[in-house]
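J.: Got a structure for you, questions after.
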Amino acid sequence: MKRTLLLLTAIMMVATLASANLDPSANDQIGMYFDTNADVVCTTANFIDHVPAYFILTNPTMTSTRGFELGLDVIGRTNTSVTVTYPVNATDVGAAGTGGHTYNYIVGYANPMLTQPATVLATLDIFYLDQNPLDFIITPAAPSSDPAGLVPMLMLEDFSLVPANTSNEPGLPAAQINGACIVVDNEDASFGAVKALFR
């Protein structure tokens, strides 16, 4: 009986690792997910698979957005490519490789887009052409509109830019393909540190 209980506990912990679930206390947070509900941050893929992923704004404090900017570092990538589409007509002036980032997205929407608790900002098609795990790290864009260059940015309806939080701890993965699922939510440092021990 004790073994069964331990096994069930371990299974529940593993299931928790693969999801992010919306944190109601974290506003204006941009993350990368493998589903449109902002739940799944880890997935698996075979060579030459196309993996859909999404940049999602969770718990927005604004009613609409005109765009966003962020960088994306893909650790472990050799041949994998990432293409992007947007939910509305958009212009993206971000340049891959700028500032040392694998990709940069500096995006303006043609019209304001209404927000909801999980707002898809962009859809990614990850063409997996590697054999090793990939870590996806969200960073500020390069160049960044953040004066300190520390966080991604969101564009409001009046074209002003405001800082956005990231769903991941700085420098750590926001999402992973074929990894050990070590994604740690960007939360209170003491709780995040404890939670990281179980990932």
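Residue numbering restarts at 1 in every chain; chains get A, B, ... in the order shown in the structure tokens, and ligands count up from 1 in that same order.
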When you look at region 43-58 of chain A with a cut-off of 8 Å (counting only C-alpha atoms), what residues show up, excluding the ones that are within fewer than 2 positions of it in the same chain? I need them as an MDAnalysis selection string.

T.: chainID A and resid 18 22 26:36 38 40:41 60 116:131 176:179

J.: Met113 (chain A): which residues within 12 Å, counting only C-alpha atoms, same-chain residues fewer than 6 positions away excluded, as JSON, numbers by chain?

T.: {"A": [57, 62, 63, 64, 65, 66, 67, 68, 86, 87, 88, 89, 90, 119, 120, 121, 122, 154, 155, 156, 157]}

J.: Would you write out those residues with N, CA, C and O atoms, as a PDB file, in the first residue's frame?

T.:
```pdb
ATOM      1  N   LEU A  57       0.304  35.722 -23.534  1.00  0.00           N
ATOM      2  CA  LEU A  57       0.222  36.727 -22.476  1.00  0.00           C
ATOM      3  C   LEU A  57      -0.836  36.249 -21.492  1.00  0.00           C
ATOM      4  O   LEU A  57      -1.988  36.057 -21.872  1.00  0.00           O
ATOM      5  N   MET A  62      -4.232  44.988 -19.209  1.00  0.00           N
ATOM      6  CA  MET A  62      -4.757  45.860 -20.256  1.00  0.00           C
ATOM      7  C   MET A  62      -5.861  45.137 -21.020  1.00  0.00           C
ATOM      8  O   MET A  62      -5.859  43.915 -21.076  1.00  0.00           O
ATOM      9  N   THR A  63      -6.794  45.878 -21.567  1.00  0.00           N
ATOM     10  CA  THR A  63      -7.916  45.258 -22.291  1.00  0.00           C
ATOM     11  C   THR A  63      -7.553  44.893 -23.723  1.00  0.00           C
ATOM     12  O   THR A  63      -8.235  44.101 -24.354  1.00  0.00           O
ATOM     13  N   SER A  64      -6.482  45.508 -24.242  1.00  0.00           N
ATOM     14  CA  SER A  64      -6.031  45.178 -25.594  1.00  0.00           C
ATOM     15  C   SER A  64      -4.536  45.448 -25.696  1.00  0.00           C
ATOM     16  O   SER A  64      -3.946  46.127 -24.854  1.00  0.00           O
ATOM     17  N   THR A  65      -3.933  44.897 -26.740  1.00  0.00           N
ATOM     18  CA  THR A  65      -2.518  45.138 -26.979  1.00  0.00           C
ATOM     19  C   THR A  65      -2.296  45.393 -28.468  1.00  0.00           C
ATOM     20  O   THR A  65      -3.027  44.880 -29.314  1.00  0.00           O
ATOM     21  N   ARG A  66      -1.284  46.183 -28.763  1.00  0.00           N
ATOM     22  CA  ARG A  66      -0.917  46.460 -30.160  1.00  0.00           C
ATOM     23  C   ARG A  66       0.355  45.737 -30.571  1.00  0.00           C
ATOM     24  O   ARG A  66       0.833  45.920 -31.680  1.00  0.00           O
ATOM     25  N   GLY A  67       0.912  44.929 -29.665  1.00  0.00           N
ATOM     26  CA  GLY A  67       2.109  44.192 -30.033  1.00  0.00           C
ATOM     27  C   GLY A  67       2.977  43.875 -28.829  1.00  0.00           C
ATOM     28  O   GLY A  67       2.597  44.107 -27.681  1.00  0.00           O
ATOM     29  N   PHE A  68       4.163  43.348 -29.115  1.00  0.00           N
ATOM     30  CA  PHE A  68       5.078  42.929 -28.054  1.00  0.00           C
ATOM     31  C   PHE A  68       6.484  42.852 -28.613  1.00  0.00           C
ATOM     32  O   PHE A  68       6.701  42.870 -29.829  1.00  0.00           O
ATOM     33  N   TYR A  86       1.019  35.349 -36.733  1.00  0.00           N
ATOM     34  CA  TYR A  86       0.381  36.192 -35.723  1.00  0.00           C
ATOM     35  C   TYR A  86      -1.135  36.104 -35.858  1.00  0.00           C
ATOM     36  O   TYR A  86      -1.653  35.861 -36.948  1.00  0.00           O
ATOM     37  N   PRO A  87      -1.868  36.319 -34.752  1.00  0.00           N
ATOM     38  CA  PRO A  87      -3.322  36.175 -34.788  1.00  0.00           C
ATOM     39  C   PRO A  87      -4.029  37.278 -35.567  1.00  0.00           C
ATOM     40  O   PRO A  87      -5.203  37.134 -35.916  1.00  0.00           O
ATOM     41  N   VAL A  88      -3.332  38.378 -35.833  1.00  0.00           N
ATOM     42  CA  VAL A  88      -3.867  39.480 -36.637  1.00  0.00           C
ATOM     43  C   VAL A  88      -2.752  39.943 -37.563  1.00  0.00           C
ATOM     44  O   VAL A  88      -1.600  39.549 -37.403  1.00  0.00           O
ATOM     45  N   ASN A  89      -3.072  40.791 -38.540  1.00  0.00           N
ATOM     46  CA  ASN A  89      -2.021  41.342 -39.404  1.00  0.00           C
ATOM     47  C   ASN A  89      -0.994  42.054 -38.536  1.00  0.00           C
ATOM     48  O   ASN A  89      -1.350  42.817 -37.631  1.00  0.00           O
ATOM     49  N   ALA A  90       0.274  41.795 -38.810  1.00  0.00           N
ATOM     50  CA  ALA A  90       1.333  42.328 -37.957  1.00  0.00           C
ATOM     51  C   ALA A  90       2.584  42.591 -38.771  1.00  0.00           C
ATOM     52  O   ALA A  90       2.787  42.018 -39.842  1.00  0.00           O
ATOM     53  N   THR A 119      -3.908  35.080 -23.692  1.00  0.00           N
ATOM     54  CA  THR A 119      -3.975  35.709 -25.013  1.00  0.00           C
ATOM     55  C   THR A 119      -2.813  35.228 -25.879  1.00  0.00           C
ATOM     56  O   THR A 119      -1.641  35.467 -25.537  1.00  0.00           O
ATOM     57  N   VAL A 120      -3.119  34.552 -26.978  1.00  0.00           N
ATOM     58  CA  VAL A 120      -2.067  34.093 -27.886  1.00  0.00           C
ATOM     59  C   VAL A 120      -1.522  35.291 -28.650  1.00  0.00           C
ATOM     60  O   VAL A 120      -2.239  35.939 -29.418  1.00  0.00           O
ATOM     61  N   LEU A 121      -0.243  35.603 -28.435  1.00  0.00           N
ATOM     62  CA  LEU A 121       0.423  36.703 -29.129  1.00  0.00           C
ATOM     63  C   LEU A 121       1.007  36.254 -30.462  1.00  0.00           C
ATOM     64  O   LEU A 121       1.098  37.039 -31.403  1.00  0.00           O
ATOM     65  N   ALA A 122       1.433  34.982 -30.526  1.00  0.00           N
ATOM     66  CA  ALA A 122       2.044  34.444 -31.748  1.00  0.00           C
ATOM     67  C   ALA A 122       1.991  32.928 -31.698  1.00  0.00           C
ATOM     68  O   ALA A 122       2.015  32.328 -30.617  1.00  0.00           O
ATOM     69  N   LEU A 154       5.356  45.064 -23.771  1.00  0.00           N
ATOM     70  CA  LEU A 154       4.036  45.001 -24.390  1.00  0.00           C
ATOM     71  C   LEU A 154       3.653  46.376 -24.885  1.00  0.00           C
ATOM     72  O   LEU A 154       3.972  47.388 -24.240  1.00  0.00           O
ATOM     73  N   MET A 155       2.975  46.444 -26.039  1.00  0.00           N
ATOM     74  CA  MET A 155       2.527  47.726 -26.575  1.00  0.00           C
ATOM     75  C   MET A 155       1.049  47.913 -26.246  1.00  0.00           C
ATOM     76  O   MET A 155       0.229  47.038 -26.524  1.00  0.00           O
ATOM     77  N   LEU A 156       0.736  49.063 -25.653  1.00  0.00           N
ATOM     78  CA  LEU A 156      -0.651  49.386 -25.322  1.00  0.00           C
ATOM     79  C   LEU A 156      -1.352  49.984 -26.530  1.00  0.00           C
ATOM     80  O   LEU A 156      -0.732  50.279 -27.557  1.00  0.00           O
ATOM     81  N   GLU A 157      -2.655  50.206 -26.392  1.00  0.00           N
ATOM     82  CA  GLU A 157      -3.455  50.726 -27.502  1.00  0.00           C
ATOM     83  C   GLU A 157      -2.991  52.102 -27.952  1.00  0.00           C
ATOM     84  O   GLU A 157      -3.094  52.456 -29.118  1.00  0.00           O
TER      85      GLU A 157
END
```

J.: Counting only C-alpha atoms, which of A:Gly71, A:Pro170, A:Gly108, A:Gly76 gets nearest to Thr91 (chain A)?

T.: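 Among the listed residues, A:Gly108 lies closest to Thr91 (chain A).
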
J.: Residues at most 8 Å from Pro140 (chain A), counting only C-alpha atoms, excluding those fewer than 3 positions away in the same chain, as a list in words?

T.: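 Near neighbours after the sequence-gap exclusion: Glu69, Leu70, Gly71, Ser144, Asp146, Gly149, Leu150, Val151, Pro152 and Met153 of chain A.
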
J.: Name the residues in contact with Gly94 (chain A) at a cut-off of 7 Å, using only C-alpha atoms, excluding same-chain residues fewer than 5 positions from it; report them as a list in words.

T.: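 Near Gly94 (chain A), the qualifying residues are Asn104, Tyr105 and Ile106 of chain A.
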
J.: Please dump the current selection as a PDB file, in the first residue's frame; keep C-alpha atoms.

T.:
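And here is the file that came out, out.pdb:
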```pdb
ATOM      1  CA  ASN A 104      14.068  38.453 -31.811  1.00  0.00           C
ATOM      2  CA  TYR A 105      10.415  39.376 -32.150  1.00  0.00           C
ATOM      3  CA  ILE A 106       9.588  43.093 -32.281  1.00  0.00           C
TER       4      ILE A 106
END
```

J.: Pick out each residue of region 4-192 of chain A that DSSP on the backbone tags as strand (DSSP E); I need them as a PyMOL selection string.

T.: chain A and resi 29-33+42-43+50-58+64-75+81-85+90-92+103-114+118-127+134-139+153-155+161-163+165-166+175-177

J.: Report as a list in words all protein, DNA and RNA residues lying within 10 Å of Leu72 (chain A), evaluated on only C-alpha atoms, omitting residues in the same chain fewer than 2 positions from it.

T.: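 Within the cut-off, the hits are Met32, Leu70, Val74, Ile75, Ala96, Gly97, Gly100, His101, Thr102, Tyr103, Asn104, Tyr105, Asp135, Phe136, Ile137, Ile138, Thr139, Pro140, Ala141, Ala142 and Ala174 of chain A.
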
J.: The selected residues should be written to file as an mmCIF file, in the first residue's frame (atoms: N, CA, C and O atoms).

T.:
```
data_model
loop_
_atom_site.group_PDB
_atom_site.id
_atom_site.type_symbol
_atom_site.label_atom_id
_atom_site.label_comp_id
_atom_site.auth_asym_id
_atom_site.auth_seq_id
_atom_site.Cartn_x
_atom_site.Cartn_y
_atom_site.Cartn_z
ATOM 1 N N MET A 32 6.021 30.814 -23.016
ATOM 2 C CA MET A 32 5.971 29.969 -24.206
ATOM 3 C C MET A 32 5.360 28.642 -23.791
ATOM 4 O O MET A 32 5.787 28.033 -22.802
ATOM 5 N N LEU A 70 10.190 40.569 -27.637
ATOM 6 C CA LEU A 70 10.936 39.640 -26.784
ATOM 7 C C LEU A 70 12.016 38.967 -27.609
ATOM 8 O O LEU A 70 11.958 38.939 -28.835
ATOM 9 N N VAL A 74 17.394 29.590 -28.078
ATOM 10 C CA VAL A 74 17.103 28.158 -28.189
ATOM 11 C C VAL A 74 18.407 27.412 -27.934
ATOM 12 O O VAL A 74 19.289 27.364 -28.792
ATOM 13 N N ILE A 75 18.522 26.861 -26.746
ATOM 14 C CA ILE A 75 19.738 26.163 -26.330
ATOM 15 C C ILE A 75 19.654 24.710 -26.784
ATOM 16 O O ILE A 75 18.652 24.038 -26.566
ATOM 17 N N ALA A 96 16.819 37.864 -36.366
ATOM 18 C CA ALA A 96 17.464 36.717 -35.730
ATOM 19 C C ALA A 96 18.953 36.978 -35.575
ATOM 20 O O ALA A 96 19.580 37.598 -36.427
ATOM 21 N N GLY A 97 19.504 36.526 -34.464
ATOM 22 C CA GLY A 97 20.934 36.657 -34.222
ATOM 23 C C GLY A 97 21.356 37.985 -33.627
ATOM 24 O O GLY A 97 22.482 38.109 -33.148
ATOM 25 N N GLY A 100 22.980 38.508 -29.894
ATOM 26 C CA GLY A 100 23.309 37.171 -29.427
ATOM 27 C C GLY A 100 22.112 36.274 -29.211
ATOM 28 O O GLY A 100 22.264 35.129 -28.789
ATOM 29 N N HIS A 101 20.894 36.755 -29.499
ATOM 30 C CA HIS A 101 19.697 35.936 -29.331
ATOM 31 C C HIS A 101 19.436 35.130 -30.595
ATOM 32 O O HIS A 101 19.625 35.624 -31.707
ATOM 33 N N THR A 102 18.965 33.903 -30.414
ATOM 34 C CA THR A 102 18.644 33.067 -31.566
ATOM 35 C C THR A 102 17.594 33.754 -32.430
ATOM 36 O O THR A 102 17.730 33.819 -33.651
ATOM 37 N N TYR A 103 16.536 34.275 -31.778
ATOM 38 C CA TYR A 103 15.462 34.980 -32.479
ATOM 39 C C TYR A 103 15.086 36.235 -31.699
ATOM 40 O O TYR A 103 15.202 36.268 -30.473
ATOM 41 N N ASN A 104 14.625 37.247 -32.416
ATOM 42 C CA ASN A 104 14.068 38.453 -31.811
ATOM 43 C C ASN A 104 12.731 38.733 -32.472
ATOM 44 O O ASN A 104 12.601 38.661 -33.696
ATOM 45 N N TYR A 105 11.748 39.049 -31.653
ATOM 46 C CA TYR A 105 10.415 39.376 -32.150
ATOM 47 C C TYR A 105 10.062 40.777 -31.659
ATOM 48 O O TYR A 105 9.914 41.000 -30.453
ATOM 49 N N ASP A 135 16.056 23.769 -25.082
ATOM 50 C CA ASP A 135 15.542 24.679 -24.060
ATOM 51 C C ASP A 135 15.221 26.003 -24.731
ATOM 52 O O ASP A 135 16.047 26.545 -25.479
ATOM 53 N N PHE A 136 14.033 26.559 -24.443
ATOM 54 C CA PHE A 136 13.593 27.832 -25.002
ATOM 55 C C PHE A 136 13.561 28.861 -23.872
ATOM 56 O O PHE A 136 12.783 28.697 -22.927
ATOM 57 N N ILE A 137 14.387 29.883 -23.975
ATOM 58 C CA ILE A 137 14.519 30.887 -22.920
ATOM 59 C C ILE A 137 14.028 32.227 -23.447
ATOM 60 O O ILE A 137 14.560 32.747 -24.435
ATOM 61 N N ILE A 138 13.010 32.782 -22.795
ATOM 62 C CA ILE A 138 12.496 34.103 -23.171
ATOM 63 C C ILE A 138 13.361 35.173 -22.524
ATOM 64 O O ILE A 138 13.667 35.110 -21.333
ATOM 65 N N THR A 139 13.743 36.157 -23.334
ATOM 66 C CA THR A 139 14.617 37.241 -22.891
ATOM 67 C C THR A 139 14.047 38.573 -23.391
ATOM 68 O O THR A 139 13.098 38.580 -24.171
ATOM 69 N N PRO A 140 14.653 39.680 -22.997
ATOM 70 C CA PRO A 140 14.308 40.937 -23.671
ATOM 71 C C PRO A 140 14.742 40.872 -25.128
ATOM 72 O O PRO A 140 15.666 40.128 -25.475
ATOM 73 N N ALA A 141 14.082 41.609 -25.976
ATOM 74 C CA ALA A 141 14.487 41.670 -27.387
ATOM 75 C C ALA A 141 15.798 42.445 -27.503
ATOM 76 O O ALA A 141 16.205 43.156 -26.601
ATOM 77 N N ALA A 142 16.441 42.290 -28.644
ATOM 78 C CA ALA A 142 17.628 43.082 -28.952
ATOM 79 C C ALA A 142 17.428 43.701 -30.330
ATOM 80 O O ALA A 142 17.261 42.966 -31.292
ATOM 81 N N ALA A 174 11.746 28.564 -20.476
ATOM 82 C CA ALA A 174 10.302 28.806 -20.395
ATOM 83 C C ALA A 174 9.567 27.586 -20.924
ATOM 84 O O ALA A 174 8.426 27.339 -20.547
#
```
